[in-house]
Amino acid sequence: WAEPNLAEWMAHIGMDVVSVGVPDVPTLFPRGLRVANRRVYARLHSQNAANWYQDGKLRYAYDYTEAELEEWASGLKGLADAGQVDEALVFFNNCVGIQAVTNAERLTDLLREAGPAVAVVDPPRPPSLFDD
């Protein structure tokens, strides 16, 4: 799938290319931002190569560093500043413990700090059974 004309072909058929946060393992689709249309669809899993071929719990037990989150935020801001994308959907799949939640909150903060080119929309929250 990591072919030079992939983005062009996906744009032609009206689909997005997934941007992934994965370790640098030769058999995996390369990490980083990919754009085929005017949307980024990103799934951030883990960047721990040592645990990648372990069971799912170990594979996804990963806490993104500040530098890694800043790299994603900078890349998304750059695409927005260049007018290349209208929206980005970013999903954290490092879902052992609460890393996905804390990493998503930190990326949200970084994107809000990025300035007016990046508008962050909070996801809808279902009603709670408990008082806040």
# chains A, B, ... in the order shown; residues from 1 in each chain; ligands from 1
>>> residues_around(residues="segment 88-93 of chain A", least_positions_apart="3", cutoff="8 Å", atoms="only C-alpha atoms", output="list in words")
Arg39, Val40, Tyr41, Ala42, Arg43, Leu44, His45, Ser46, Tyr60, Leu76, Val85, Ala100, Val101, Asn103 and Ala104 of chain A
>>> write_last_selection(atoms="N, CA, C and O atoms", output="short mmCIF file (atom, residue, chain, number, x, y, z; two decimals), in the first residue's frame")
data_model
loop_
_atom_site.label_atom_id
_atom_site.label_comp_id
_atom_site.auth_asym_id
_atom_site.auth_seq_id
_atom_site.Cartn_x
_atom_site.Cartn_y
_atom_site.Cartn_z
N ARG A 39 -9.32 15.57 3.86
CA ARG A 39 -9.50 15.10 5.23
C ARG A 39 -8.33 14.21 5.61
O ARG A 39 -7.82 13.45 4.80
N VAL A 40 -7.92 14.34 6.87
CA VAL A 40 -6.93 13.42 7.44
C VAL A 40 -7.69 12.46 8.34
O VAL A 40 -8.51 12.89 9.16
N TYR A 41 -7.43 11.19 8.15
CA TYR A 41 -7.97 10.16 9.03
C TYR A 41 -6.76 9.49 9.66
O TYR A 41 -5.97 8.85 8.97
N ALA A 42 -6.58 9.69 10.96
CA ALA A 42 -5.39 9.18 11.64
C ALA A 42 -5.76 8.24 12.78
O ALA A 42 -6.71 8.50 13.53
N ARG A 43 -4.99 7.16 12.89
CA ARG A 43 -5.14 6.20 13.98
C ARG A 43 -3.78 6.06 14.65
O ARG A 43 -2.83 5.62 14.03
N LEU A 44 -3.72 6.47 15.90
CA LEU A 44 -2.47 6.40 16.64
C LEU A 44 -2.53 5.21 17.59
O LEU A 44 -3.34 5.18 18.51
N HIS A 45 -1.68 4.24 17.33
CA HIS A 45 -1.71 2.98 18.06
C HIS A 45 -0.61 2.90 19.12
O HIS A 45 -0.88 2.78 20.30
N SER A 46 0.63 2.91 18.67
CA SER A 46 1.78 2.74 19.54
C SER A 46 3.01 2.97 18.69
O SER A 46 2.97 2.79 17.48
N TYR A 60 -0.67 -2.28 22.49
CA TYR A 60 -1.30 -0.97 22.61
C TYR A 60 -1.07 -0.29 23.95
O TYR A 60 -1.64 0.76 24.22
N LEU A 76 -0.40 18.50 11.52
CA LEU A 76 -1.79 18.86 11.25
C LEU A 76 -1.94 20.36 11.05
O LEU A 76 -2.64 20.81 10.15
N VAL A 85 -6.16 20.66 3.93
CA VAL A 85 -7.21 19.84 4.54
C VAL A 85 -8.27 20.72 5.19
O VAL A 85 -8.00 21.84 5.62
N ALA A 100 -5.00 6.56 26.00
CA ALA A 100 -5.71 7.12 24.85
C ALA A 100 -6.41 8.42 25.24
O ALA A 100 -6.37 9.40 24.49
N VAL A 101 -7.03 8.43 26.39
CA VAL A 101 -7.75 9.62 26.84
C VAL A 101 -6.78 10.76 27.12
O VAL A 101 -6.97 11.88 26.65
N ASN A 103 -3.69 11.16 26.09
CA ASN A 103 -3.01 11.58 24.86
C ASN A 103 -3.94 12.41 23.98
O ASN A 103 -3.51 13.41 23.39
N ALA A 104 -5.20 12.02 23.88
CA ALA A 104 -6.17 12.79 23.08
C ALA A 104 -6.37 14.18 23.68
O ALA A 104 -6.44 15.18 22.95
#
>>> residues_around(residues="Gly56 of chain A", least_positions_apart="5", cutoff="10 Å", atoms="only C-alpha atoms", output="PyMOL selection string")
chain A and resi 51+61+94-96
>>> atom_distance(atom1="atom CA of Gly75 of chain A", atom2="atom CA of Ala119 of chain A")
14.5 Å
>>> closest_residue(among="A:Ser74, A:Thr108, A:Gln54, A:Gln84", to="Arg38 of chain A", atoms="only C-alpha atoms")
A:Gln84
>>> residues_around(residues="Leu6 of chain A", least_positions_apart="4", cutoff="10 Å", atoms="only C-alpha atoms", output="PyMOL selection string")
chain A and resi 1-2+10-12+16-17+34-36
>>> write_last_selection(atoms="N, CA, C and O atoms", output="PDB file, in the first residue's frame")
ATOM      1  N   TRP A   1       0.800  -1.203   0.000  1.00  0.00           N
ATOM      2  CA  TRP A   1       0.000   0.000   0.000  1.00  0.00           C
ATOM      3  C   TRP A   1       0.842   1.265   0.000  1.00  0.00           C
ATOM      4  O   TRP A   1       0.350   2.318  -0.400  1.00  0.00           O
ATOM      5  N   ALA A   2       2.065   1.200   0.433  1.00  0.00           N
ATOM      6  CA  ALA A   2       2.900   2.400   0.500  1.00  0.00           C
ATOM      7  C   ALA A   2       3.511   2.668  -0.876  1.00  0.00           C
ATOM      8  O   ALA A   2       4.716   2.610  -1.070  1.00  0.00           O
ATOM      9  N   MET A  10      -6.467   7.074  -4.326  1.00  0.00           N
ATOM     10  CA  MET A  10      -7.517   7.149  -3.312  1.00  0.00           C
ATOM     11  C   MET A  10      -8.378   8.396  -3.522  1.00  0.00           C
ATOM     12  O   MET A  10      -9.596   8.347  -3.359  1.00  0.00           O
ATOM     13  N   ALA A  11      -7.765   9.510  -3.868  1.00  0.00           N
ATOM     14  CA  ALA A  11      -8.531  10.730  -4.151  1.00  0.00           C
ATOM     15  C   ALA A  11      -9.452  10.499  -5.337  1.00  0.00           C
ATOM     16  O   ALA A  11     -10.612  10.929  -5.335  1.00  0.00           O
ATOM     17  N   HIS A  12      -8.957   9.808  -6.339  1.00  0.00           N
ATOM     18  CA  HIS A  12      -9.744   9.524  -7.544  1.00  0.00           C
ATOM     19  C   HIS A  12     -10.997   8.713  -7.216  1.00  0.00           C
ATOM     20  O   HIS A  12     -12.058   8.951  -7.786  1.00  0.00           O
ATOM     21  N   ASP A  16     -10.192   8.089   1.718  1.00  0.00           N
ATOM     22  CA  ASP A  16      -9.074   8.642   2.466  1.00  0.00           C
ATOM     23  C   ASP A  16      -7.990   7.587   2.661  1.00  0.00           C
ATOM     24  O   ASP A  16      -8.277   6.397   2.699  1.00  0.00           O
ATOM     25  N   VAL A  17      -6.775   8.047   2.800  1.00  0.00           N
ATOM     26  CA  VAL A  17      -5.655   7.181   3.174  1.00  0.00           C
ATOM     27  C   VAL A  17      -5.492   7.323   4.674  1.00  0.00           C
ATOM     28  O   VAL A  17      -5.526   8.431   5.199  1.00  0.00           O
ATOM     29  N   ARG A  34      -0.842  11.292   5.955  1.00  0.00           N
ATOM     30  CA  ARG A  34      -1.125  11.010   4.546  1.00  0.00           C
ATOM     31  C   ARG A  34      -2.415  11.749   4.189  1.00  0.00           C
ATOM     32  O   ARG A  34      -3.367  11.734   4.971  1.00  0.00           O
ATOM     33  N   VAL A  35      -2.453  12.371   3.036  1.00  0.00           N
ATOM     34  CA  VAL A  35      -3.635  13.103   2.608  1.00  0.00           C
ATOM     35  C   VAL A  35      -3.973  12.684   1.188  1.00  0.00           C
ATOM     36  O   VAL A  35      -3.126  12.736   0.294  1.00  0.00           O
ATOM     37  N   ALA A  36      -5.233  12.268   0.988  1.00  0.00           N
ATOM     38  CA  ALA A  36      -5.704  11.946  -0.352  1.00  0.00           C
ATOM     39  C   ALA A  36      -6.794  12.929  -0.773  1.00  0.00           C
ATOM     40  O   ALA A  36      -6.878  13.300  -1.933  1.00  0.00           O
TER      41      ALA A  36
END
>>> closest_residue(among="A:Pro124, A:Phe130, A:Glu66, A:Ala82", to="Thr102 of chain A", atoms="only C-alpha atoms")
A:Glu66
>>> select_by_dssp(residues="chain A", states="alpha helix (DSSP H)", output="ChimeraX atom specification")
/A:6-12,56-59,66-81,99-113
>>> residues_around(residues="Ala49 of chain A", least_positions_apart="6", cutoff="7 Å", atoms="only C-alpha atoms", output="MDAnalysis selection string")
chainID A and resid 23:25
>>> write_last_selection(atoms="C-alpha atoms", output="PDB file, in the first residue's frame")
ATOM      1  CA  PRO A  23       6.562   1.922  15.205  1.00  0.00           C
ATOM      2  CA  ASP A  24       9.118   1.837  12.398  1.00  0.00           C
ATOM      3  CA  VAL A  25       8.690  -1.842  11.549  1.00  0.00           C
TER       4      VAL A  25
END
>>> select_by_dssp(residues="chain A", states="strand (DSSP E)", output="JSON, numbers by chain")
{"A": [18, 19, 20, 21, 39, 40, 41, 42, 43, 44, 87, 88, 89, 90, 91, 92]}
>>> closest_residue(among="A:Asn37, A:Ala73, A:Leu129, A:Glu87", to="Trp9 of chain A", atoms="only C-alpha atoms")
A:Asn37
>>> closest_residue(among="A:Lys77, A:Arg125, A:Leu58, A:Thr65", to="Arg106 of chain A", atoms="only C-alpha atoms")
A:Thr65
